[in-house]
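Enquirer: Here you go, this is run-v2.pdb (PDB, C-alpha atoms, pLDDT in the B column).
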MODEL        1
ATOM      1  CA  MET A   1     -47.692 119.166 134.243  1.00 78.00           C
ATOM      2  CA  ILE A   2     -45.617 120.685 137.037  1.00 85.00           C
ATOM      3  CA  GLY A   3     -42.025 119.663 137.584  1.00 86.00           C
ATOM      4  CA  LEU A   4     -38.999 120.614 139.652  1.00 91.00           C
ATOM      5  CA  LEU A   5     -35.358 119.612 139.960  1.00 93.00           C
ATOM      6  CA  GLY A   6     -33.782 118.168 143.069  1.00 92.00           C
ATOM      7  CA  LYS A   7     -31.308 115.725 144.563  1.00 93.00           C
ATOM      8  CA  LYS A   8     -31.568 112.596 146.670  1.00 93.00           C
ATOM      9  CA  ILE A   9     -30.773 113.063 150.361  1.00 92.00           C
ATOM     10  CA  GLY A  10     -31.389 109.543 151.669  1.00 91.00           C
ATOM     11  CA  MET A  11     -33.898 107.156 153.218  1.00 91.00           C
ATOM     12  CA  SER A  12     -35.928 107.775 156.361  1.00 90.00           C
ATOM     13  CA  GLN A  13     -39.248 106.810 157.914  1.00 90.00           C
ATOM     14  CA  ILE A  14     -42.437 108.488 159.066  1.00 88.00           C
ATOM     15  CA  PHE A  15     -45.492 107.297 160.964  1.00 89.00           C
ATOM     16  CA  ASP A  16     -49.106 107.775 159.913  1.00 83.00           C
ATOM     17  CA  GLY A  17     -52.061 108.504 162.171  1.00 82.00           C
ATOM     18  CA  GLU A  18     -52.444 104.829 163.031  1.00 86.00           C
ATOM     19  CA  GLY A  19     -48.809 104.453 164.022  1.00 86.00           C
ATOM     20  CA  GLN A  20     -47.826 102.503 160.915  1.00 87.00           C
ATOM     21  CA  GLN A  21     -44.217 102.908 159.821  1.00 90.00           C
ATOM     22  CA  ILE A  22     -43.801 104.160 156.244  1.00 89.00           C
ATOM     23  CA  PRO A  23     -40.363 104.098 154.574  1.00 91.00           C
ATOM     24  CA  VAL A  24     -39.728 107.287 152.621  1.00 92.00           C
ATOM     25  CA  THR A  25     -37.029 108.816 150.463  1.00 92.00           C
ATOM     26  CA  VAL A  26     -36.121 112.407 151.320  1.00 93.00           C
ATOM     27  CA  LEU A  27     -35.361 114.770 148.430  1.00 93.00           C
ATOM     28  CA  GLU A  28     -34.030 118.301 148.378  1.00 92.00           C
ATOM     29  CA  VAL A  29     -36.282 120.071 145.873  1.00 91.00           C
ATOM     30  CA  GLY A  30     -35.432 123.632 144.931  1.00 79.00           C
ATOM     31  CA  PRO A  31     -34.869 126.409 144.898  1.00 89.00           C
ATOM     32  CA  CYS A  32     -35.195 126.110 141.125  1.00 89.00           C
ATOM     33  CA  PHE A  33     -34.692 129.126 138.890  1.00 90.00           C
ATOM     34  CA  VAL A  34     -36.445 129.621 135.555  1.00 89.00           C
ATOM     35  CA  THR A  35     -33.624 130.075 133.054  1.00 89.00           C
ATOM     36  CA  ALA A  36     -35.700 130.013 129.830  1.00 87.00           C
ATOM     37  CA  LEU A  37     -39.249 129.568 128.547  1.00 89.00           C
ATOM     38  CA  ARG A  38     -40.445 127.697 125.458  1.00 89.00           C
ATOM     39  CA  THR A  39     -43.512 128.975 123.606  1.00 87.00           C
ATOM     40  CA  LYS A  40     -45.625 127.541 120.814  1.00 87.00           C
ATOM     41  CA  GLU A  41     -44.993 130.584 118.641  1.00 89.00           C
ATOM     42  CA  LYS A  42     -41.220 130.270 118.783  1.00 89.00           C
ATOM     43  CA  ASN A  43     -40.539 126.622 119.693  1.00 87.00           C
ATOM     44  CA  GLY A  44     -43.728 124.783 118.791  1.00 89.00           C
ATOM     45  CA  TYR A  45     -44.454 123.626 122.355  1.00 88.00           C
ATOM     46  CA  LEU A  46     -44.773 124.919 125.913  1.00 88.00           C
ATOM     47  CA  GLY A  47     -41.937 124.243 128.295  1.00 88.00           C
ATOM     48  CA  VAL A  48     -39.793 125.689 131.052  1.00 89.00           C
ATOM     49  CA  GLN A  49     -36.050 125.332 131.540  1.00 89.00           C
ATOM     50  CA  LEU A  50     -35.030 125.109 135.193  1.00 91.00           C
ATOM     51  CA  GLY A  51     -31.697 125.405 136.975  1.00 90.00           C
ATOM     52  CA  PHE A  52     -30.827 123.869 140.344  1.00 91.00           C
ATOM     53  CA  ASP A  53     -27.910 123.603 142.789  1.00 87.00           C
ATOM     54  CA  ALA A  54     -26.002 126.882 143.043  1.00 86.00           C
ATOM     55  CA  VAL A  55     -22.240 126.697 142.456  1.00 87.00           C
ATOM     56  CA  LYS A  56     -19.328 129.083 142.065  1.00 89.00           C
ATOM     57  CA  GLU A  57     -18.859 130.775 138.710  1.00 86.00           C
ATOM     58  CA  LYS A  58     -15.504 129.089 138.172  1.00 88.00           C
ATOM     59  CA  SER A  59     -17.279 125.707 138.135  1.00 87.00           C
ATOM     60  CA  LEU A  60     -19.128 126.534 134.887  1.00 87.00           C
ATOM     61  CA  ASN A  61     -17.918 127.028 131.350  1.00 87.00           C
ATOM     62  CA  LYS A  62     -18.363 130.374 129.634  1.00 88.00           C
ATOM     63  CA  PRO A  63     -21.352 129.469 127.383  1.00 87.00           C
ATOM     64  CA  LYS A  64     -23.421 128.198 130.313  1.00 86.00           C
ATOM     65  CA  LEU A  65     -22.361 131.069 132.556  1.00 88.00           C
ATOM     66  CA  GLY A  66     -23.251 133.619 129.872  1.00 88.00           C
ATOM     67  CA  ALA A  67     -26.729 132.127 129.395  1.00 86.00           C
ATOM     68  CA  LEU A  68     -27.388 132.226 133.141  1.00 87.00           C
ATOM     69  CA  ARG A  69     -26.223 135.825 133.390  1.00 86.00           C
ATOM     70  CA  LYS A  70     -28.579 136.755 130.577  1.00 86.00           C
ATOM     71  CA  ALA A  71     -31.422 135.136 132.500  1.00 85.00           C
ATOM     72  CA  THR A  72     -30.331 137.019 135.664  1.00 86.00           C
ATOM     73  CA  VAL A  73     -30.155 133.855 137.768  1.00 86.00           C
ATOM     74  CA  PRO A  74     -27.251 132.681 139.957  1.00 88.00           C
ATOM     75  CA  PRO A  75     -24.787 130.070 138.633  1.00 89.00           C
ATOM     76  CA  VAL A  76     -26.374 126.607 138.822  1.00 90.00           C
ATOM     77  CA  ARG A  77     -24.979 123.212 137.938  1.00 90.00           C
ATOM     78  CA  PHE A  78     -28.043 121.136 136.966  1.00 90.00           C
ATOM     79  CA  ILE A  79     -30.202 122.469 134.113  1.00 90.00           C
ATOM     80  CA  ARG A  80     -33.094 120.567 132.551  1.00 91.00           C
ATOM     81  CA  GLU A  81     -36.224 121.330 130.543  1.00 90.00           C
ATOM     82  CA  ILE A  82     -39.743 120.284 131.535  1.00 89.00           C
ATOM     83  CA  ARG A  83     -42.766 120.445 129.264  1.00 89.00           C
ATOM     84  CA  THR A  84     -45.907 121.940 130.747  1.00 86.00           C
ATOM     85  CA  GLU A  85     -49.389 122.980 129.707  1.00 84.00           C
ATOM     86  CA  ASP A  86     -49.291 126.469 131.227  1.00 81.00           C
ATOM     87  CA  ILE A  87     -46.503 129.021 131.601  1.00 81.00           C
ATOM     88  CA  ALA A  88     -48.715 132.032 132.324  1.00 81.00           C
ATOM     89  CA  ASN A  89     -47.367 132.516 135.864  1.00 81.00           C
ATOM     90  CA  LEU A  90     -43.737 131.945 134.910  1.00 83.00           C
ATOM     91  CA  SER A  91     -41.078 134.391 133.814  1.00 85.00           C
ATOM     92  CA  VAL A  92     -37.342 134.151 133.331  1.00 87.00           C
ATOM     93  CA  GLY A  93     -35.688 134.564 136.718  1.00 84.00           C
ATOM     94  CA  SER A  94     -38.653 133.246 138.721  1.00 84.00           C
ATOM     95  CA  GLU A  95     -37.933 131.093 141.746  1.00 87.00           C
ATOM     96  CA  LEU A  96     -39.754 127.800 142.371  1.00 88.00           C
ATOM     97  CA  HIS A  97     -39.806 125.767 145.575  1.00 88.00           C
ATOM     98  CA  ALA A  98     -41.122 122.526 147.034  1.00 87.00           C
ATOM     99  CA  GLU A  99     -44.585 123.948 147.786  1.00 86.00           C
ATOM    100  CA  ASN A 100     -45.500 123.286 144.153  1.00 86.00           C
ATOM    101  CA  PHE A 101     -46.246 119.722 145.316  1.00 88.00           C
ATOM    102  CA  GLU A 102     -48.854 118.758 147.905  1.00 88.00           C
ATOM    103  CA  VAL A 103     -49.192 115.868 150.326  1.00 88.00           C
ATOM    104  CA  GLY A 104     -51.160 113.010 148.792  1.00 88.00           C
ATOM    105  CA  GLU A 105     -50.421 113.656 145.126  1.00 90.00           C
ATOM    106  CA  TYR A 106     -48.395 111.321 142.921  1.00 92.00           C
ATOM    107  CA  VAL A 107     -45.175 112.133 141.074  1.00 92.00           C
ATOM    108  CA  ASP A 108     -42.827 110.514 138.571  1.00 92.00           C
ATOM    109  CA  ILE A 109     -39.103 110.568 139.386  1.00 93.00           C
ATOM    110  CA  GLU A 110     -36.433 110.468 136.679  1.00 93.00           C
ATOM    111  CA  GLY A 111     -32.791 109.850 137.500  1.00 93.00           C
ATOM    112  CA  VAL A 112     -29.674 107.824 136.746  1.00 94.00           C
ATOM    113  CA  SER A 113     -29.430 104.436 138.453  1.00 93.00           C
ATOM    114  CA  ILE A 114     -26.402 103.386 140.482  1.00 93.00           C
ATOM    115  CA  GLY A 115     -23.667 101.896 138.293  1.00 93.00           C
ATOM    116  CA  LYS A 116     -22.761  98.259 139.029  1.00 93.00           C
ATOM    117  CA  GLY A 117     -19.897  97.862 136.576  1.00 95.00           C
ATOM    118  CA  PHE A 118     -19.363  94.692 134.526  1.00 96.00           C
ATOM    119  CA  GLN A 119     -21.600  91.907 135.873  1.00 94.00           C
ATOM    120  CA  GLY A 120     -22.431  88.329 134.982  1.00 92.00           C
ATOM    121  CA  VAL A 121     -25.798  86.985 133.928  1.00 90.00           C
ATOM    122  CA  VAL A 122     -26.835  85.811 137.407  1.00 91.00           C
ATOM    123  CA  LYS A 123     -26.760  89.333 138.851  1.00 93.00           C
ATOM    124  CA  ARG A 124     -27.477  91.242 135.656  1.00 93.00           C
ATOM    125  CA  LEU A 125     -30.349  89.136 134.277  1.00 92.00           C
ATOM    126  CA  ASN A 126     -31.385  86.990 137.261  1.00 92.00           C
ATOM    127  CA  TYR A 127     -30.284  83.726 135.634  1.00 88.00           C
ATOM    128  CA  LYS A 128     -30.494  80.726 137.915  1.00 84.00           C
ATOM    129  CA  GLY A 129     -27.112  79.259 137.056  1.00 78.00           C
ATOM    130  CA  GLY A 130     -26.108  75.633 137.250  1.00 78.00           C
ATOM    131  CA  GLY A 131     -25.823  73.130 140.046  1.00 76.00           C
ATOM    132  CA  ALA A 132     -22.847  73.327 142.372  1.00 73.00           C
ATOM    133  CA  GLY A 133     -22.535  69.656 143.247  1.00 75.00           C
ATOM    134  CA  HIS A 134     -21.031  66.559 141.628  1.00 76.00           C
ATOM    135  CA  GLY A 135     -18.290  68.529 139.903  1.00 74.00           C
ATOM    136  CA  SER A 136     -20.621  70.128 137.358  1.00 72.00           C
ATOM    137  CA  MET A 137     -18.229  73.097 136.872  1.00 73.00           C
ATOM    138  CA  PHE A 138     -21.205  75.060 135.605  1.00 75.00           C
ATOM    139  CA  GLY A 139     -21.675  77.618 138.371  1.00 80.00           C
ATOM    140  CA  ARG A 140     -22.729  81.106 137.310  1.00 84.00           C
ATOM    141  CA  VAL A 141     -21.803  81.004 133.602  1.00 83.00           C
ATOM    142  CA  PRO A 142     -24.517  81.634 130.988  1.00 80.00           C
ATOM    143  CA  GLY A 143     -24.139  78.265 129.251  1.00 75.00           C
ATOM    144  CA  GLY A 144     -24.072  77.499 125.552  1.00 73.00           C
ATOM    145  CA  ILE A 145     -25.259  80.106 123.060  1.00 72.00           C
ATOM    146  CA  GLY A 146     -25.548  77.985 119.904  1.00 63.00           C
ATOM    147  CA  SER A 147     -27.448  74.846 118.865  1.00 57.00           C
ATOM    148  CA  ARG A 148     -24.410  73.246 117.176  1.00 56.00           C
ATOM    149  CA  ALA A 149     -20.700  73.374 117.755  1.00 55.00           C
ATOM    150  CA  GLY A 150     -19.867  73.694 114.053  1.00 56.00           C
ATOM    151  CA  GLY A 151     -20.504  72.338 110.609  1.00 59.00           C
ATOM    152  CA  VAL A 152     -23.218  73.000 108.077  1.00 62.00           C
ATOM    153  CA  GLY A 153     -26.135  75.036 109.404  1.00 62.00           C
ATOM    154  CA  CYS A 154     -24.473  76.233 112.585  1.00 64.00           C
ATOM    155  CA  ARG A 155     -25.124  79.798 113.705  1.00 59.00           C
ATOM    156  CA  LYS A 156     -22.250  82.141 112.969  1.00 66.00           C
ATOM    157  CA  LYS A 157     -23.639  84.975 115.125  1.00 70.00           C
ATOM    158  CA  VAL A 158     -25.060  85.372 118.614  1.00 73.00           C
ATOM    159  CA  SER A 159     -28.847  85.263 118.379  1.00 73.00           C
ATOM    160  CA  LYS A 160     -30.604  88.594 118.897  1.00 77.00           C
ATOM    161  CA  GLY A 161     -31.707  89.200 122.488  1.00 81.00           C
ATOM    162  CA  LYS A 162     -29.391  86.614 123.997  1.00 82.00           C
ATOM    163  CA  GLY A 163     -28.555  87.506 127.594  1.00 86.00           C
ATOM    164  CA  LEU A 164     -24.827  87.795 128.241  1.00 88.00           C
ATOM    165  CA  PRO A 165     -22.539  89.428 130.802  1.00 91.00           C
ATOM    166  CA  GLY A 166     -22.031  93.161 130.386  1.00 93.00           C
ATOM    167  CA  HIS A 167     -22.317  96.621 131.873  1.00 95.00           C
ATOM    168  CA  MET A 168     -25.049  97.015 134.485  1.00 94.00           C
ATOM    169  CA  GLY A 169     -26.667 100.140 135.894  1.00 93.00           C
ATOM    170  CA  ASP A 170     -25.787 103.800 135.238  1.00 93.00           C
ATOM    171  CA  GLU A 171     -28.904 104.179 133.074  1.00 93.00           C
ATOM    172  CA  LYS A 172     -31.592 106.848 132.984  1.00 94.00           C
ATOM    173  CA  ILE A 173     -34.762 105.352 134.423  1.00 92.00           C
ATOM    174  CA  CYS A 174     -38.111 106.685 135.631  1.00 93.00           C
ATOM    175  CA  ILE A 175     -40.091 105.503 138.656  1.00 92.00           C
ATOM    176  CA  HIS A 176     -43.822 106.171 138.314  1.00 93.00           C
ATOM    177  CA  ASN A 177     -46.559 107.026 140.803  1.00 91.00           C
ATOM    178  CA  LEU A 178     -44.658 107.721 144.010  1.00 91.00           C
ATOM    179  CA  LYS A 179     -46.877 109.297 146.657  1.00 91.00           C
ATOM    180  CA  VAL A 180     -45.865 112.548 148.341  1.00 91.00           C
ATOM    181  CA  MET A 181     -45.988 111.888 152.089  1.00 91.00           C
ATOM    182  CA  LYS A 182     -44.602 115.151 153.467  1.00 90.00           C
ATOM    183  CA  VAL A 183     -43.674 118.613 152.192  1.00 90.00           C
ATOM    184  CA  ASP A 184     -41.273 120.856 154.136  1.00 88.00           C
ATOM    185  CA  ALA A 185     -41.440 124.133 152.210  1.00 86.00           C
ATOM    186  CA  GLU A 186     -39.145 126.025 154.593  1.00 88.00           C
ATOM    187  CA  ASN A 187     -36.257 123.599 154.093  1.00 89.00           C
ATOM    188  CA  ASN A 188     -37.191 122.621 150.497  1.00 90.00           C
ATOM    189  CA  LEU A 189     -37.589 118.956 151.412  1.00 91.00           C
ATOM    190  CA  LEU A 190     -39.930 116.354 149.963  1.00 91.00           C
ATOM    191  CA  ALA A 191     -40.628 112.894 151.411  1.00 92.00           C
ATOM    192  CA  LEU A 192     -41.858 110.230 148.984  1.00 92.00           C
ATOM    193  CA  SER A 193     -43.117 106.763 149.783  1.00 90.00           C
ATOM    194  CA  GLY A 194     -40.757 104.238 148.206  1.00 87.00           C
ATOM    195  CA  SER A 195     -37.339 104.397 146.596  1.00 88.00           C
ATOM    196  CA  VAL A 196     -36.006 106.621 143.826  1.00 91.00           C
ATOM    197  CA  PRO A 197     -33.202 105.916 141.332  1.00 91.00           C
ATOM    198  CA  GLY A 198     -29.603 106.886 141.912  1.00 90.00           C
ATOM    199  CA  ALA A 199     -27.194 107.287 144.786  1.00 91.00           C
ATOM    200  CA  GLU A 200     -27.372 109.858 147.551  1.00 91.00           C
ATOM    201  CA  GLY A 201     -26.569 113.276 146.129  1.00 90.00           C
ATOM    202  CA  GLY A 202     -27.703 112.310 142.635  1.00 92.00           C
ATOM    203  CA  TYR A 203     -29.780 114.752 140.624  1.00 93.00           C
ATOM    204  CA  LEU A 204     -33.445 114.035 139.914  1.00 93.00           C
ATOM    205  CA  ILE A 205     -36.339 115.397 137.877  1.00 93.00           C
ATOM    206  CA  ILE A 206     -39.639 115.391 139.775  1.00 92.00           C
ATOM    207  CA  ARG A 207     -42.822 115.714 137.682  1.00 90.00           C
ATOM    208  CA  SER A 208     -46.521 115.356 138.316  1.00 88.00           C
ATOM    209  CA  ALA A 209     -47.424 111.731 137.596  1.00 88.00           C
ATOM    210  CA  LEU A 210     -48.464 111.200 133.992  1.00 86.00           C
ATOM    211  CA  THR A 211     -51.287 108.791 134.849  1.00 85.00           C
ATOM    212  CA  ARG A 212     -52.304 109.696 138.416  1.00 81.00           C
ATOM    213  CA  GLY A 213     -51.014 113.232 138.823  1.00 70.00           C
ATOM    214  CA  LYS A 214     -53.328 116.186 139.190  1.00 72.00           C
ATOM    215  CA  LYS A 215     -53.144 119.379 137.205  1.00 73.00           C
ATOM    216  CA  GLY A 216     -52.351 122.561 139.080  1.00 72.00           C
ATOM    217  CA  SER A 217     -50.949 126.030 138.610  1.00 77.00           C
ATOM    218  CA  TRP A 218     -47.333 126.952 139.294  1.00 81.00           C
ATOM    219  CA  LYS A 219     -46.612 128.572 142.649  1.00 82.00           C
ATOM    220  CA  VAL A 220     -43.936 131.166 142.028  1.00 80.00           C
ATOM    221  CA  ARG A 221     -41.990 133.141 144.572  1.00 71.00           C
ATOM    222  CA  SER A 222     -40.843 136.669 143.916  1.00 58.00           C
ATOM    223  CA  SER A 223     -37.472 137.522 142.436  1.00 47.00           C
ATOM    224  CA  LYS A 224     -34.411 136.224 144.240  1.00 44.00           C
ATOM    225  CA  GLN A 225     -33.666 139.777 145.375  1.00 39.00           C
ATOM    226  CA  GLY A 226     -37.052 140.320 147.030  1.00 40.00           C
ATOM    227  CA  SER A 227     -38.874 138.742 149.925  1.00 38.00           C
ATOM    228  CA  PRO A 228     -40.531 135.349 149.308  1.00 42.00           C
ATOM    229  CA  LYS A 229     -44.045 135.701 147.957  1.00 44.00           C
ATOM    230  CA  GLU A 230     -46.298 133.109 146.412  1.00 43.00           C
ATOM    231  CA  THR A 231     -48.210 133.883 143.246  1.00 42.00           C
ATOM    232  CA  SER A 232     -50.693 131.670 141.508  1.00 42.00           C
ATOM    233  CA  SER A 233     -53.344 131.891 138.848  1.00 41.00           C
ATOM    234  CA  GLU A 234     -55.629 133.680 141.340  1.00 42.00           C
ATOM    235  CA  THR A 235     -53.107 136.444 142.028  1.00 41.00           C
ATOM    236  CA  SER A 236     -52.401 136.871 138.339  1.00 41.00           C
ATOM    237  CA  LYS A 237     -56.024 137.928 137.868  1.00 43.00           C
ATOM    238  CA  ALA A 238     -55.325 140.973 140.034  1.00 43.00           C
ATOM    239  CA  GLU A 239     -52.956 142.332 137.408  1.00 45.00           C
ATOM    240  CA  ASN A 240     -53.916 145.267 135.251  1.00 46.00           C
ATOM    241  CA  PRO A 241     -54.632 143.852 131.773  1.00 46.00           C
ATOM    242  CA  GLN A 242     -53.354 147.020 130.093  1.00 46.00           C
ATOM    243  CA  ASP A 243     -49.888 147.495 131.533  1.00 48.00           C
ATOM    244  CA  GLY A 244     -49.387 144.196 133.396  1.00 46.00           C
ATOM    245  CA  THR A 245     -48.741 145.912 136.758  1.00 45.00           C
ATOM    246  CA  LYS A 246     -50.416 144.679 139.933  1.00 46.00           C
ATOM    247  CA  THR A 247     -53.131 146.812 141.393  1.00 43.00           C
ATOM    248  CA  SER A 248     -52.564 148.061 144.921  1.00 42.00           C
ATOM    249  CA  SER A 249     -54.747 146.612 147.632  1.00 36.00           C
TER     250      SER A 249
ENDMDL
END
Please express what this file holds, its structure, as structure tokens.
Expert:
Amino acid sequence: MIGLLGKKIGMSQIFDGEGQQIPVTVLEVGPCFVTALRTKEKNGYLGVQLGFDAVKEKSLNKPKLGALRKATVPPVRFIREIRTEDIANLSVGSELHAENFEVGEYVDIEGVSIGKGFQGVVKRLNYKGGGAGHGSMFGRVPGGIGSRAGGVGCRKKVSKGKGLPGHMGDEKICIHNLKVMKVDAENNLLALSGSVPGAEGGYLIIRSALTRGKKGSWKVRSSKQGSPKETSSETSKAENPQDGTKTSS
């Protein structure tokens, strides 16, 4: 599974070859920096920790800033871990960009939904509500919650699962199987068909779809100090197996 970090830019539209309008959500994906690697020998699983969205050093606390300095990556605000099946091409300090995804593949998007505050049952749970005519005075209230008003056998507690007013939104949710419609590797932009959770500017985790995603190797650019180069599993075969240095062509 391949995954990157990004943020929501906003909604737009594109047109296919037949002139059909397709609504898309534009995401800024990358550059993501590898801040740590998880191995089966040490951690019991394979995973990669990524950092996204460069900030000033004064915006981070000392523990986070010290860990990023140790990994030799610039200060970043958003750090998350993604499990993967292969970390052979990855190393701490590597730089990942939007070209890890291709047009036509499916991804899962994880983010935090927009907070709606305290809401009633009509908006929160899609209750129908009562009639408005003839002075019913029922309106948008949830109605009675017990079978008896009092006496022997009446319920002393609200029944489990009863829908009531409360806090709505601001929850971590995942949208599955969104199709990648366009990849702009130069500007680190990704266009997905459909909507993604959260407000504009909200952070997101983009992974290969669990059910419909295809397996692929990581495409890694060179160190942040060098010129951009792409490496994949094919280029890794050109390495010398004894000392790990690349052979000259």
Enquirer: Considering only C-alpha atoms, give me a table of residues in stretch 21-115 of chain A that are at most 6 Å from stretch 163-170 of chain A, with the closest atom pair and distance in Å for each, as CSV.
Expert:
residue,atom,partner,partner_atom,distance
A:Val112,CA,A:Asp170,CA,5.8
A:Ser113,CA,A:Asp170,CA,4.9
A:Ile114,CA,A:Asp170,CA,5.3
A:Gly115,CA,A:Asp170,CA,4.2
Enquirer: At most 9 Å from (-48.4, 129.5, 134.5), file frame, all atoms listed in the file: which residues, as a list in words?
Expert: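 Here the neighbourhood of the point contains Thr84, Glu85, Asp86, Ile87, Ala88, Asn89, Leu90, Ser91, Ser217, Trp218, Lys219, Val220, Ser232 and Ser233 of chain A.
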Enquirer: Do a neighbour search on A:Val29 at 7 Å with all atoms listed in the file, toss out local chain neighbours closer than 6 positions, and write the hits as a PyMOL selection string.
Expert: chain A and resi 4-7+97-98+188-190
Enquirer: Between atom CA of A:Ser94 and atom CA of A:Val34, what distance in Å does the model show, to one decimal?
Expert: 5.3 Å
Enquirer: Go ahead and compute the interatomic distance for atom CA of A:Val107 and atom CA of A:Arg207, in Å to one decimal.
Expert: 5.5 Å
Enquirer: Which residue gives the smallest distance to A:Lys64 among A:Gly143, A:Gly202, A:Pro31, A:Gly51, with all atoms listed in the file counted?
Expert: A:Gly51
Enquirer: With only C-alpha atoms as the basis for distance, which of A:Arg38, A:Arg77, A:Lys58, A:Arg140 is at the shortest distance from A:Val121?
Expert: A:Arg140
